[in-house]
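A.B. asks: Supplied structure: final-v4.cif, mmCIF, C-alpha atoms.
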```
data_model
#
loop_
_atom_site.label_atom_id
_atom_site.label_comp_id
_atom_site.auth_asym_id
_atom_site.auth_seq_id
_atom_site.Cartn_x
_atom_site.Cartn_y
_atom_site.Cartn_z
CA MET A 1 165.40 -21.13 -45.12
CA THR A 2 168.58 -19.20 -44.71
CA GLU A 3 169.19 -18.72 -48.42
CA SER A 4 166.54 -16.65 -50.11
CA ASP A 5 165.58 -17.89 -53.53
CA PRO A 6 166.10 -14.97 -55.99
CA ASP A 7 162.97 -16.00 -57.93
CA ARG A 8 160.69 -15.90 -54.96
CA PRO A 9 159.31 -12.65 -53.56
CA HIS A 10 161.23 -11.19 -50.67
CA GLY A 11 159.87 -9.63 -47.56
CA GLY A 12 162.88 -8.84 -45.44
CA VAL A 13 164.11 -5.54 -44.16
CA GLY A 14 164.64 -3.20 -47.09
CA ASP A 15 162.45 -5.07 -49.53
CA SER A 16 159.48 -3.42 -51.12
CA PRO A 17 156.09 -4.66 -50.05
CA PRO A 18 153.97 -6.46 -52.63
CA ALA A 19 151.90 -4.11 -54.74
CA ALA A 20 148.29 -4.67 -55.77
CA ALA A 21 149.26 -6.62 -58.91
CA ASP A 22 151.57 -8.94 -56.96
CA ARG A 23 148.89 -9.53 -54.39
CA LYS A 24 146.38 -10.47 -57.07
CA LYS A 25 148.81 -12.92 -58.59
CA CYS A 26 149.37 -14.47 -55.19
CA TYR A 27 145.63 -14.72 -54.49
CA ALA A 28 145.01 -16.44 -57.84
CA ALA A 29 147.74 -18.98 -57.17
CA ARG A 30 146.43 -19.50 -53.65
CA ASP A 31 142.85 -20.11 -54.84
CA ALA A 32 143.99 -22.50 -57.56
CA TYR A 33 146.11 -24.55 -55.18
CA TYR A 34 143.54 -24.81 -52.43
CA GLU A 35 140.79 -25.78 -54.85
CA CYS A 36 142.99 -28.60 -56.06
CA ALA A 37 143.83 -29.60 -52.50
CA ALA A 38 140.15 -29.67 -51.54
CA LYS A 39 139.41 -32.00 -54.45
CA ASN A 40 142.33 -34.31 -53.64
CA ILE A 41 142.21 -34.61 -49.89
CA GLY A 42 144.91 -36.98 -48.79
CA ASN A 43 147.20 -36.86 -51.78
CA GLU A 44 147.70 -33.12 -52.30
CA ALA A 45 151.46 -33.54 -52.49
CA SER A 46 151.26 -35.59 -55.66
CA ALA A 47 148.14 -34.22 -57.32
CA CYS A 48 148.76 -30.51 -56.75
CA SER A 49 152.55 -30.24 -56.67
CA GLU A 50 152.63 -27.92 -59.69
CA LEU A 51 150.14 -25.54 -58.17
CA ARG A 52 151.98 -25.66 -54.89
CA ARG A 53 155.19 -24.59 -56.59
CA ALA A 54 153.30 -21.77 -58.34
CA LEU A 55 151.89 -20.67 -55.01
CA GLU A 56 155.27 -20.62 -53.36
CA GLY A 57 156.64 -18.69 -56.31
CA SER A 58 154.02 -15.96 -56.24
CA CYS A 59 153.59 -15.39 -52.54
CA LEU A 60 155.94 -14.48 -49.74
CA PRO A 61 156.88 -17.48 -47.57
CA SER A 62 155.21 -16.01 -44.53
CA TRP A 63 152.07 -15.54 -46.58
CA VAL A 64 152.11 -19.17 -47.70
CA ARG A 65 152.38 -20.31 -44.08
CA TYR A 66 149.59 -17.89 -43.18
CA PHE A 67 147.29 -19.19 -45.92
CA ASP A 68 147.94 -22.80 -44.90
CA ARG A 69 147.00 -22.03 -41.33
CA LYS A 70 144.00 -20.00 -42.44
CA VAL A 71 142.63 -22.76 -44.67
CA LEU A 72 143.00 -25.27 -41.86
CA TYR A 73 141.27 -22.88 -39.46
CA GLU A 74 138.38 -22.19 -41.82
CA ASP A 75 137.99 -25.91 -42.44
CA TYR A 76 137.86 -26.46 -38.71
CA LYS A 77 135.27 -23.69 -38.28
CA ARG A 78 133.14 -25.16 -41.06
CA ARG A 79 133.25 -28.59 -39.51
CA LEU A 80 132.28 -27.15 -36.16
CA ALA A 81 129.36 -25.30 -37.74
CA GLU A 82 128.19 -28.44 -39.50
CA GLU A 83 128.39 -30.49 -36.34
CA GLU A 84 126.45 -27.78 -34.53
CA ARG A 85 123.78 -27.77 -37.22
CA ALA A 86 123.55 -31.57 -37.20
CA ARG A 87 123.19 -31.55 -33.43
CA ASN A 88 120.48 -28.91 -33.61
CA GLN A 89 118.58 -30.90 -36.22
CA GLU A 90 118.85 -34.03 -34.05
CA GLN A 91 117.46 -32.16 -31.11
CA GLN A 92 114.63 -30.74 -33.16
CA ARG A 93 113.68 -34.10 -34.46
CA ARG A 94 113.45 -35.54 -30.97
CA MET B 95 43.69 10.94 -23.96
CA LEU B 96 44.10 9.05 -20.78
CA SER B 97 46.97 7.13 -22.19
CA ARG B 98 48.63 10.30 -23.43
CA LEU B 99 48.34 11.92 -20.06
CA ALA B 100 49.61 8.84 -18.30
CA LEU B 101 52.53 8.54 -20.70
CA SER B 102 53.40 12.18 -20.37
CA ALA B 103 53.28 11.75 -16.60
CA VAL B 104 55.73 8.89 -16.93
CA ARG B 105 57.98 10.87 -19.29
CA LEU B 106 57.99 13.87 -17.05
CA GLY B 107 59.51 11.53 -14.57
CA ARG B 108 57.43 12.48 -11.64
CA PRO B 109 53.69 12.30 -11.52
CA SER B 110 52.24 15.71 -10.81
CA PRO B 111 49.70 15.41 -8.08
CA LEU B 112 47.25 17.18 -10.32
CA ALA B 113 47.85 14.74 -13.13
CA VAL B 114 47.26 11.81 -10.81
CA SER B 115 44.00 13.12 -9.53
CA SER B 116 42.96 14.25 -12.98
CA THR B 117 43.81 10.84 -14.30
CA SER B 118 41.43 9.10 -11.96
CA SER B 119 38.61 11.54 -12.63
CA LEU B 120 39.30 11.43 -16.32
CA ALA B 121 39.44 7.70 -16.20
CA ARG B 122 35.89 7.66 -14.90
CA ARG B 123 34.91 10.13 -17.59
CA CYS B 124 36.62 8.26 -20.43
CA PHE B 125 35.18 4.92 -19.52
CA ALA B 126 31.80 6.54 -19.36
CA SER B 127 32.05 8.12 -22.81
CA SER B 128 33.63 5.07 -24.58
CA ASN B 129 36.71 6.35 -26.47
CA GLU B 130 35.29 9.59 -27.38
CA ALA B 131 37.81 12.35 -26.92
CA PRO B 132 35.92 15.07 -25.20
CA PRO B 133 35.88 18.15 -27.40
CA LYS B 134 37.96 20.79 -25.71
CA LYS B 135 35.77 23.60 -26.98
CA SER B 136 32.64 22.12 -25.49
CA GLU B 137 34.32 21.47 -22.21
CA PRO B 138 34.16 24.96 -20.86
CA SER B 139 30.43 25.21 -21.70
CA GLU B 140 29.68 21.83 -20.20
CA ALA B 141 31.71 22.48 -17.18
CA THR B 142 30.50 25.99 -16.44
CA SER B 143 28.01 24.41 -14.13
CA SER B 144 30.75 23.14 -11.83
CA SER B 145 33.76 25.37 -11.35
CA ASN B 146 35.72 22.55 -9.70
CA LYS B 147 35.24 20.26 -12.60
CA LEU B 148 36.21 23.06 -15.00
CA SER B 149 39.49 23.78 -13.22
CA PHE B 150 40.36 20.10 -13.18
CA GLU B 151 39.53 19.73 -16.84
CA GLU B 152 41.40 22.83 -17.74
CA GLU B 153 44.30 21.81 -15.63
CA ALA B 154 44.31 18.41 -17.23
CA ALA B 155 44.20 19.92 -20.70
CA ARG B 156 46.95 22.35 -19.88
CA GLN B 157 49.04 19.58 -18.35
CA ILE B 158 48.54 17.51 -21.43
CA ARG B 159 49.53 20.40 -23.66
CA ASN B 160 52.62 21.09 -21.53
CA ALA B 161 53.51 17.46 -21.47
CA GLU B 162 53.13 17.23 -25.22
CA LEU B 163 55.22 20.34 -25.69
CA ILE B 164 57.93 18.95 -23.49
CA ARG B 165 57.70 15.61 -25.17
CA ASP B 166 58.02 17.15 -28.60
CA THR B 167 60.98 19.28 -27.71
CA ARG B 168 62.41 16.31 -25.94
CA GLY B 169 61.77 14.21 -28.98
CA LYS B 170 64.03 16.46 -30.96
CA ASN B 171 66.74 15.79 -28.42
CA GLU B 172 65.82 12.18 -28.26
CA GLU B 173 68.44 11.35 -30.76
CA PHE B 174 70.97 12.70 -28.37
CA ASN B 175 69.21 11.58 -25.32
CA LYS B 176 69.13 7.99 -26.41
CA GLY B 177 72.42 8.03 -24.52
CA PRO B 178 75.91 9.32 -25.20
CA VAL B 179 77.21 5.99 -26.39
CA THR B 180 76.47 4.82 -29.90
CA TRP B 181 78.30 2.40 -32.14
CA VAL B 182 79.63 5.27 -34.20
CA SER B 183 81.01 7.09 -31.19
CA LEU B 184 82.52 3.85 -29.90
CA GLY B 185 84.20 3.32 -33.23
CA LEU B 186 85.57 6.86 -33.30
CA LEU B 187 86.84 6.47 -29.75
CA ALA B 188 88.57 3.22 -30.61
CA VAL B 189 90.25 4.79 -33.62
CA ALA B 190 91.32 7.89 -31.70
CA GLY B 191 92.50 5.75 -28.81
CA ALA B 192 94.52 3.50 -31.04
CA GLY B 193 96.03 6.51 -32.78
CA LEU B 194 97.00 8.11 -29.48
CA VAL B 195 98.50 4.88 -28.17
CA MET B 196 100.59 4.41 -31.30
CA TYR B 197 101.75 8.01 -31.22
CA PHE B 198 102.78 7.83 -27.59
CA GLN B 199 104.56 4.53 -28.08
CA SER B 200 106.57 5.83 -30.99
CA GLU B 201 107.42 9.01 -29.10
CA ARG B 202 108.50 7.00 -26.08
CA ALA B 203 110.68 4.76 -28.22
CA ASN B 204 112.26 7.82 -29.83
CA HIS B 205 112.82 9.41 -26.46
CA ARG B 206 114.45 6.25 -25.12
CA ALA B 207 116.67 5.95 -28.17
CA ASN B 208 117.74 9.58 -27.78
CA LEU B 209 118.50 9.07 -24.10
CA GLU B 210 120.54 5.95 -24.91
CA ALA B 211 122.47 7.76 -27.59
CA LYS B 212 123.10 10.72 -25.29
CA ARG B 213 124.21 8.46 -22.49
CA ASN B 214 126.56 6.54 -24.75
CA ARG B 215 127.94 9.73 -26.17
CA GLY B 216 128.33 11.60 -22.96
CA LEU B 217 129.36 9.21 -20.25
CA GLY B 218 130.86 5.99 -21.45
CA VAL B 219 133.54 7.42 -23.73
CA PRO B 220 136.55 5.12 -23.61
CA LYS B 221 139.97 6.58 -23.02
CA ILE B 222 141.24 6.07 -26.54
CA GLY B 223 143.91 8.30 -27.97
CA GLY B 224 146.79 10.20 -26.55
CA PRO B 225 150.10 11.81 -27.42
CA PHE B 226 152.10 10.31 -30.26
CA THR B 227 154.71 11.36 -32.80
CA LEU B 228 155.10 9.76 -36.22
CA VAL B 229 156.29 10.68 -39.70
CA ASP B 230 154.28 10.64 -42.92
CA THR B 231 155.49 9.69 -46.39
CA ASN B 232 156.67 13.24 -47.09
CA GLY B 233 158.80 13.34 -43.96
CA LYS B 234 156.36 15.64 -42.16
CA ARG B 235 155.95 14.96 -38.48
CA TRP B 236 152.47 14.23 -37.15
CA THR B 237 151.38 14.40 -33.54
CA GLU B 238 148.07 14.25 -31.69
CA GLU B 239 147.76 18.01 -32.29
CA ASP B 240 147.42 17.35 -36.00
CA LEU B 241 144.20 15.46 -35.33
CA LYS B 242 142.51 18.69 -34.22
CA GLY B 243 140.45 20.57 -36.75
CA ARG B 244 139.74 17.48 -38.84
CA TRP B 245 137.93 14.17 -38.61
CA THR B 246 140.39 11.28 -38.75
CA LEU B 247 139.86 7.59 -39.43
CA ILE B 248 142.79 5.56 -38.12
CA TYR B 249 143.74 2.02 -39.07
CA PHE B 250 146.75 0.11 -37.71
CA GLY B 251 148.49 -2.42 -39.94
CA PHE B 252 151.66 -3.06 -41.91
CA THR B 253 152.63 -3.08 -45.55
CA PHE B 254 153.61 -6.76 -45.79
CA CYS B 255 150.14 -7.83 -44.71
CA PRO B 256 148.72 -10.70 -46.85
CA ASP B 257 145.03 -9.95 -47.01
CA VAL B 258 143.53 -8.27 -43.95
CA CYS B 259 145.23 -4.87 -44.22
CA PRO B 260 144.57 -4.42 -47.95
CA ASP B 261 140.94 -5.40 -47.39
CA GLU B 262 140.61 -3.02 -44.46
CA LEU B 263 142.27 -0.23 -46.43
CA ASP B 264 139.90 -0.88 -49.33
CA LYS B 265 137.04 -0.69 -46.86
CA MET B 266 138.44 2.56 -45.46
CA THR B 267 138.65 3.96 -48.99
CA GLU B 268 135.04 3.07 -49.69
CA ILE B 269 133.90 4.59 -46.39
CA VAL B 270 135.73 7.87 -46.93
CA ASN B 271 134.42 8.05 -50.50
CA THR B 272 130.88 7.55 -49.22
CA ILE B 273 131.31 10.35 -46.69
CA ASP B 274 132.92 12.59 -49.31
CA ASN B 275 129.86 12.12 -51.49
CA THR B 276 127.38 12.88 -48.70
CA PRO B 277 125.97 16.30 -49.59
CA ASP B 278 125.90 17.92 -46.17
CA ILE B 279 129.33 16.61 -45.14
CA GLY B 280 131.84 16.40 -47.95
CA PRO B 281 135.59 15.74 -47.72
CA VAL B 282 136.16 16.28 -44.01
CA VAL B 283 137.64 12.88 -43.13
CA THR B 284 141.38 12.20 -43.28
CA PRO B 285 142.26 8.48 -43.37
CA LEU B 286 145.42 7.52 -41.47
CA PHE B 287 147.29 4.26 -41.88
CA ILE B 288 149.70 3.71 -39.01
CA SER B 289 152.27 0.96 -39.41
CA VAL B 290 152.91 -1.40 -36.51
CA ASP B 291 155.97 -2.88 -38.25
CA PRO B 292 158.76 -0.43 -37.40
CA MET B 293 161.45 -2.88 -38.47
CA ARG B 294 160.46 -2.92 -42.12
CA ASP B 295 158.10 0.02 -42.65
CA ASN B 296 159.55 3.49 -42.90
CA ALA B 297 158.46 6.62 -44.75
CA LYS B 298 159.96 5.45 -48.05
CA ILE B 299 158.51 1.94 -47.92
CA MET B 300 155.15 3.30 -46.85
CA GLY B 301 155.22 5.76 -49.75
CA GLU B 302 155.94 2.96 -52.20
CA TYR B 303 153.16 0.85 -50.75
CA LEU B 304 150.53 3.57 -50.97
CA ALA B 305 151.64 4.51 -54.49
CA ALA B 306 151.43 0.91 -55.68
CA ASN B 307 147.88 0.45 -54.38
CA ALA B 308 144.67 2.19 -55.33
CA PHE B 309 143.65 3.40 -51.90
CA HIS B 310 141.99 6.73 -51.11
CA PRO B 311 144.03 9.69 -52.45
CA ARG B 312 143.92 11.52 -49.10
CA ILE B 313 145.27 8.58 -47.10
CA VAL B 314 148.26 9.41 -44.92
CA GLY B 315 150.76 6.66 -44.10
CA LEU B 316 152.51 7.13 -40.75
CA THR B 317 155.60 5.29 -39.59
CA GLY B 318 157.99 5.68 -36.70
CA THR B 319 160.70 4.11 -34.60
CA THR B 320 159.97 1.12 -32.40
CA GLU B 321 159.43 3.37 -29.36
CA GLU B 322 157.15 5.74 -31.27
CA VAL B 323 155.07 2.87 -32.61
CA HIS B 324 154.81 1.38 -29.13
CA GLN B 325 153.68 4.74 -27.79
CA VAL B 326 150.89 5.22 -30.34
CA ALA B 327 149.77 1.58 -30.08
CA ARG B 328 149.52 1.91 -26.31
CA ALA B 329 147.54 5.15 -26.60
CA TYR B 330 145.06 3.47 -28.94
CA ARG B 331 144.95 0.14 -27.10
CA VAL B 332 146.23 -1.70 -30.15
CA TYR B 333 148.05 -4.99 -29.63
CA PHE B 334 150.79 -5.93 -32.05
CA SER B 335 153.44 -8.61 -32.08
CA ALA B 336 155.94 -9.31 -34.85
CA GLY B 337 156.68 -12.95 -35.53
CA MET B 338 160.38 -12.17 -35.89
CA PRO B 339 162.32 -14.71 -37.92
CA GLU B 340 165.87 -15.68 -37.13
CA ASN B 341 167.19 -14.23 -40.34
CA PRO B 342 166.36 -10.56 -40.94
CA ALA B 343 166.29 -11.27 -44.65
CA ASP B 344 163.30 -13.52 -44.17
CA ASP B 345 159.86 -12.09 -44.09
CA TYR B 346 157.43 -12.33 -41.19
CA LEU B 347 153.91 -11.33 -40.31
CA VAL B 348 152.81 -8.98 -37.54
CA ASP B 349 149.88 -10.11 -35.49
CA HIS B 350 147.78 -7.05 -34.54
CA THR B 351 144.37 -5.80 -33.46
CA ILE B 352 142.13 -5.20 -36.45
CA ILE B 353 140.24 -2.03 -35.69
CA GLN B 354 139.46 1.40 -37.13
CA TYR B 355 139.04 4.43 -34.89
CA PHE B 356 137.17 7.60 -35.72
CA MET B 357 138.47 10.73 -34.00
CA ASN B 358 136.59 14.03 -33.86
CA PRO B 359 137.93 17.55 -34.58
CA GLU B 360 138.96 17.93 -30.96
CA GLY B 361 141.26 14.95 -31.39
CA LYS B 362 139.02 12.88 -29.12
CA PHE B 363 137.58 9.44 -29.68
CA ALA B 364 134.23 9.41 -31.49
CA THR B 365 133.52 5.81 -32.49
CA TYR B 366 135.14 2.61 -33.76
CA TYR B 367 134.37 -0.55 -35.70
CA GLY B 368 136.07 -3.85 -36.41
CA GLN B 369 136.66 -6.29 -39.19
CA THR B 370 133.12 -7.64 -39.35
CA THR B 371 131.48 -4.24 -39.90
CA THR B 372 130.67 -3.61 -43.55
CA ALA B 373 131.71 -0.41 -45.31
CA GLN B 374 128.10 0.76 -45.57
CA ASP B 375 127.34 0.24 -41.88
CA ALA B 376 130.58 1.92 -40.88
CA ALA B 377 129.93 4.89 -43.16
CA LYS B 378 126.46 5.26 -41.65
CA ARG B 379 127.92 5.21 -38.16
CA LEU B 380 130.56 7.80 -38.99
CA ILE B 381 128.07 10.09 -40.69
CA GLN B 382 125.86 9.88 -37.64
CA SER B 383 128.83 10.74 -35.43
CA ILE B 384 129.58 13.81 -37.52
CA ARG B 385 125.97 14.97 -37.48
CA GLU B 386 125.63 14.47 -33.73
CA TYR B 387 128.85 16.36 -33.14
CA ARG B 388 127.61 19.26 -35.24
CA ALA B 389 124.25 19.19 -33.45
CA ASP B 390 126.06 19.53 -30.13
CA ALA B 391 127.91 22.62 -31.33
CA PRO B 392 125.73 25.13 -29.39
CA GLU B 393 126.35 23.25 -26.13
CA ARG B 394 130.04 23.23 -26.82
CA GLU B 395 130.00 26.94 -27.57
CA ARG B 396 128.26 27.55 -24.28
CA ALA B 397 130.69 25.36 -22.40
CA SER B 398 133.71 27.02 -23.92
CA LEU B 399 132.26 30.47 -23.19
CA MET B 400 131.72 29.46 -19.57
CA ALA B 401 135.25 28.16 -19.41
CA GLU B 402 136.52 31.44 -20.83
CA LEU B 403 134.52 33.41 -18.29
CA ASP B 404 135.86 31.28 -15.46
CA ALA B 405 139.39 31.69 -16.72
CA ALA B 406 138.91 35.45 -17.02
CA LYS B 407 137.50 35.59 -13.49
CA ALA B 408 140.42 33.58 -12.19
CA ALA B 409 142.88 35.80 -14.02
CA ALA B 410 141.16 38.96 -12.74
CA SER B 411 141.19 37.73 -9.15
CA ASN B 412 144.78 36.57 -9.47
CA PRO B 413 146.60 39.20 -11.52
CA THR B 414 150.00 37.49 -11.26
CA ALA B 415 148.82 34.25 -12.90
CA GLN B 416 149.22 33.76 -16.67
CA GLY B 417 146.02 34.05 -18.65
CA ALA B 418 144.84 30.64 -19.81
CA THR B 419 144.34 30.17 -23.55
CA PRO B 420 140.78 29.28 -24.45
CA PRO B 421 140.19 25.79 -25.83
CA PRO B 422 139.91 25.55 -29.62
CA ARG B 423 136.40 26.03 -30.93
CA GLN B 424 135.15 23.62 -33.59
#
```
Turn this file's structure into structure tokens for me.
C.D. replies:
Amino acid sequence: MTESDPDRPHGGVGDSPPAAADRKKCYAARDAYYECAAKNIGNEASACSELRRALEGSCLPSWVRYFDRKVLYEDYKRRLAEEERARNQEQQRR
Amino acid sequence: MLSRLALSAVRLGRPSPLAVSSTSSLARRCFASSNEAPPKKSEPSEATSSSNKLSFEEEAARQIRNAELIRDTRGKNEEFNKGPVTWVSLGLLAVAGAGLVMYFQSERANHRANLEAKRNRGLGVPKIGGPFTLVDTNGKRWTEEDLKGRWTLIYFGFTFCPDVCPDELDKMTEIVNTIDNTPDIGPVVTPLFISVDPMRDNAKIMGEYLAANAFHPRIVGLTGTTEEVHQVARAYRVYFSAGMPENPADDYLVDHTIIQYFMNPEGKFATYYGQTTTAQDAAKRLIQSIREYRADAPERERASLMAELDAAKAAASNPTAQGATPPPRQ
């Protein structure tokens, strides 16, 4: 993205950092989008496109990338924990 | 009478020779008179004929009386002389023993904990901290000397941080508020927020950031040039790496160590905690640090006095050398 969208928040040199209110707005948009994505696994692009646009409008681009990675990572951790628990239960049953 | 004499002989523990001989003679007498206790009064008259018999009878009577006397006095002590061990005494012993054991165990645990704490405090202090120079939001320059005389809580982050830095700064605010409200401590902690994003964060930006967020009122935001930030990060063993974009107009995130350091009034490292420590646990740890530091004050006084004496001695023996300034007392 070489052209910065004037409507989106900026985070380059000289820009002001997001204040508490901006952060809250971003968090709300983030939570809304990821809830929708969790409910529509597989077709997030179509089902949650509105929320995705809202998210990208409220949060800095680097933050959006960060949240995407974070959600993936937490999903991965949860799956690992579940597998671990299932394995432990199997072992206990034996 | 025979039985009483025999029993008393047994109780006395050793048969007196007189009792034994008297027993046999008395035995003959008793069997002859069929259970009749010979009247003691009539004995002397009856026995005046034979002086031997009288002495034996008298001896026997006296022995019996002695034995009975001993037995009676012994009987009073019999309660005690049943033996030193009764159920009651056993019970008391068990209770006292259990109490002593518990007391000693708790004291030993306390002693061990104190030793551990002392060891951790005294020996294994990591080499955290060092010289640095940064600027706060009012343009005032801060160095490691400004840490002396106050307790500082230092967090490294940057203003464009999505969630971790605001959360950590909120945690820092809660911790400092807790310590402020602790009666015997009060507002002695200065929170520092050092930016590891020298490209974007300067005094003005940092000022805006702190003003636009409800963090602790005493928080000081420090920024610096790239070299200055590298210097302070190296001194505090903090890793940071900016994910620089190609276009400087684009934003980026700075990957960094998430840690908070607590420095004591000598500007030396006291304790630290990370992201997983809750505000309450951290506050407890800091308060304990402060109390331990204050408790060590007499030792420090002594040490600084000794150092002063040594310096004075050295100066006296070497009059050309400059007098050393004593270390600051806290």
A.B. asks: Quick one: of A:Arg85, A:Lys39, A:His10, A:Arg65, who's nearest to chain B, counting only C-alpha atoms?
C.D. replies: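 Smallest distance to chain B is found for A:His10.
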A.B. asks: Pull out every residue of chain A sitting within 6 Å of chain B, counting all atoms listed in the file, and send them as a ChimeraX atom specification.
C.D. replies: /A:11-13,17,19-20,62-63
A.B. asks: Enter the distance from atom CA of B:Lys407 to atom CA of B:Asp390, in Å, rounded to one decimal.
C.D. replies: 25.8 Å
A.B. asks: Could you check the closest approach to A:Val64 for each of A:Ala45, A:Cys26, A:Ala21, A:Leu80 and tell me which residue wins, using only C-alpha atoms?
C.D. replies: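 Using only C-alpha atoms, the shortest distance to A:Val64 belongs to A:Cys26.
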A.B. asks: Check what the PyMOL selection byres ((chain B and resi 249) around 7) selects in the file above and give those residues as a ChimeraX atom specification.
C.D. replies: /B:247-248,250-251,286-288,353-355
A.B. asks: Could I get stretch 194-214 of chain B rebuilt with N, CA and C atoms, written as a PDB file, keeping the file's coordinate frame?
C.D. replies:
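Dumped to result_2.pdb:
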```
ATOM      1  N   LEU B 194      96.244   7.502 -30.585  1.00  0.00           N
ATOM      2  CA  LEU B 194      97.000   8.110 -29.480  1.00  0.00           C
ATOM      3  C   LEU B 194      98.023   7.130 -28.920  1.00  0.00           C
ATOM      4  N   VAL B 195      97.588   5.882 -28.733  1.00  0.00           N
ATOM      5  CA  VAL B 195      98.500   4.880 -28.170  1.00  0.00           C
ATOM      6  C   VAL B 195      99.722   4.718 -29.058  1.00  0.00           C
ATOM      7  N   MET B 196      99.455   4.594 -30.388  1.00  0.00           N
ATOM      8  CA  MET B 196     100.590   4.410 -31.300  1.00  0.00           C
ATOM      9  C   MET B 196     101.511   5.613 -31.259  1.00  0.00           C
ATOM     10  N   TYR B 197     100.927   6.798 -31.242  1.00  0.00           N
ATOM     11  CA  TYR B 197     101.750   8.010 -31.220  1.00  0.00           C
ATOM     12  C   TYR B 197     102.621   8.043 -29.979  1.00  0.00           C
ATOM     13  N   PHE B 198     102.002   7.761 -28.835  1.00  0.00           N
ATOM     14  CA  PHE B 198     102.780   7.830 -27.590  1.00  0.00           C
ATOM     15  C   PHE B 198     103.871   6.765 -27.551  1.00  0.00           C
ATOM     16  N   GLN B 199     103.546   5.576 -28.090  1.00  0.00           N
ATOM     17  CA  GLN B 199     104.560   4.530 -28.080  1.00  0.00           C
ATOM     18  C   GLN B 199     105.755   4.905 -28.943  1.00  0.00           C
ATOM     19  N   SER B 200     105.448   5.458 -30.117  1.00  0.00           N
ATOM     20  CA  SER B 200     106.570   5.830 -30.990  1.00  0.00           C
ATOM     21  C   SER B 200     107.381   6.960 -30.360  1.00  0.00           C
ATOM     22  N   GLU B 201     106.686   7.913 -29.732  1.00  0.00           N
ATOM     23  CA  GLU B 201     107.420   9.010 -29.100  1.00  0.00           C
ATOM     24  C   GLU B 201     108.289   8.497 -27.964  1.00  0.00           C
ATOM     25  N   ARG B 202     107.738   7.538 -27.203  1.00  0.00           N
ATOM     26  CA  ARG B 202     108.500   7.000 -26.080  1.00  0.00           C
ATOM     27  C   ARG B 202     109.728   6.259 -26.577  1.00  0.00           C
ATOM     28  N   ALA B 203     109.539   5.487 -27.663  1.00  0.00           N
ATOM     29  CA  ALA B 203     110.680   4.760 -28.220  1.00  0.00           C
ATOM     30  C   ALA B 203     111.754   5.746 -28.685  1.00  0.00           C
ATOM     31  N   ASN B 204     111.296   6.807 -29.379  1.00  0.00           N
ATOM     32  CA  ASN B 204     112.260   7.820 -29.830  1.00  0.00           C
ATOM     33  C   ASN B 204     112.989   8.441 -28.659  1.00  0.00           C
ATOM     34  N   HIS B 205     112.225   8.773 -27.630  1.00  0.00           N
ATOM     35  CA  HIS B 205     112.820   9.410 -26.460  1.00  0.00           C
ATOM     36  C   HIS B 205     113.864   8.502 -25.842  1.00  0.00           C
ATOM     37  N   ARG B 206     113.505   7.197 -25.700  1.00  0.00           N
ATOM     38  CA  ARG B 206     114.450   6.250 -25.120  1.00  0.00           C
ATOM     39  C   ARG B 206     115.702   6.150 -25.958  1.00  0.00           C
ATOM     40  N   ALA B 207     115.512   6.074 -27.281  1.00  0.00           N
ATOM     41  CA  ALA B 207     116.670   5.950 -28.170  1.00  0.00           C
ATOM     42  C   ALA B 207     117.574   7.176 -28.016  1.00  0.00           C
ATOM     43  N   ASN B 208     116.934   8.367 -27.938  1.00  0.00           N
ATOM     44  CA  ASN B 208     117.740   9.580 -27.780  1.00  0.00           C
ATOM     45  C   ASN B 208     118.516   9.560 -26.474  1.00  0.00           C
ATOM     46  N   LEU B 209     117.835   9.128 -25.400  1.00  0.00           N
ATOM     47  CA  LEU B 209     118.500   9.070 -24.100  1.00  0.00           C
ATOM     48  C   LEU B 209     119.692   8.116 -24.175  1.00  0.00           C
ATOM     49  N   GLU B 210     119.464   6.939 -24.775  1.00  0.00           N
ATOM     50  CA  GLU B 210     120.540   5.950 -24.910  1.00  0.00           C
ATOM     51  C   GLU B 210     121.712   6.561 -25.657  1.00  0.00           C
ATOM     52  N   ALA B 211     121.396   7.190 -26.784  1.00  0.00           N
ATOM     53  CA  ALA B 211     122.470   7.760 -27.590  1.00  0.00           C
ATOM     54  C   ALA B 211     123.227   8.815 -26.790  1.00  0.00           C
ATOM     55  N   LYS B 212     122.452   9.668 -26.074  1.00  0.00           N
ATOM     56  CA  LYS B 212     123.100  10.720 -25.290  1.00  0.00           C
ATOM     57  C   LYS B 212     123.983  10.109 -24.219  1.00  0.00           C
ATOM     58  N   ARG B 213     123.450   9.084 -23.572  1.00  0.00           N
ATOM     59  CA  ARG B 213     124.210   8.460 -22.490  1.00  0.00           C
ATOM     60  C   ARG B 213     125.498   7.872 -23.041  1.00  0.00           C
ATOM     61  N   ASN B 214     125.373   7.148 -24.180  1.00  0.00           N
ATOM     62  CA  ASN B 214     126.560   6.540 -24.750  1.00  0.00           C
ATOM     63  C   ASN B 214     127.567   7.588 -25.183  1.00  0.00           C
TER      64      ASN B 214
END
```
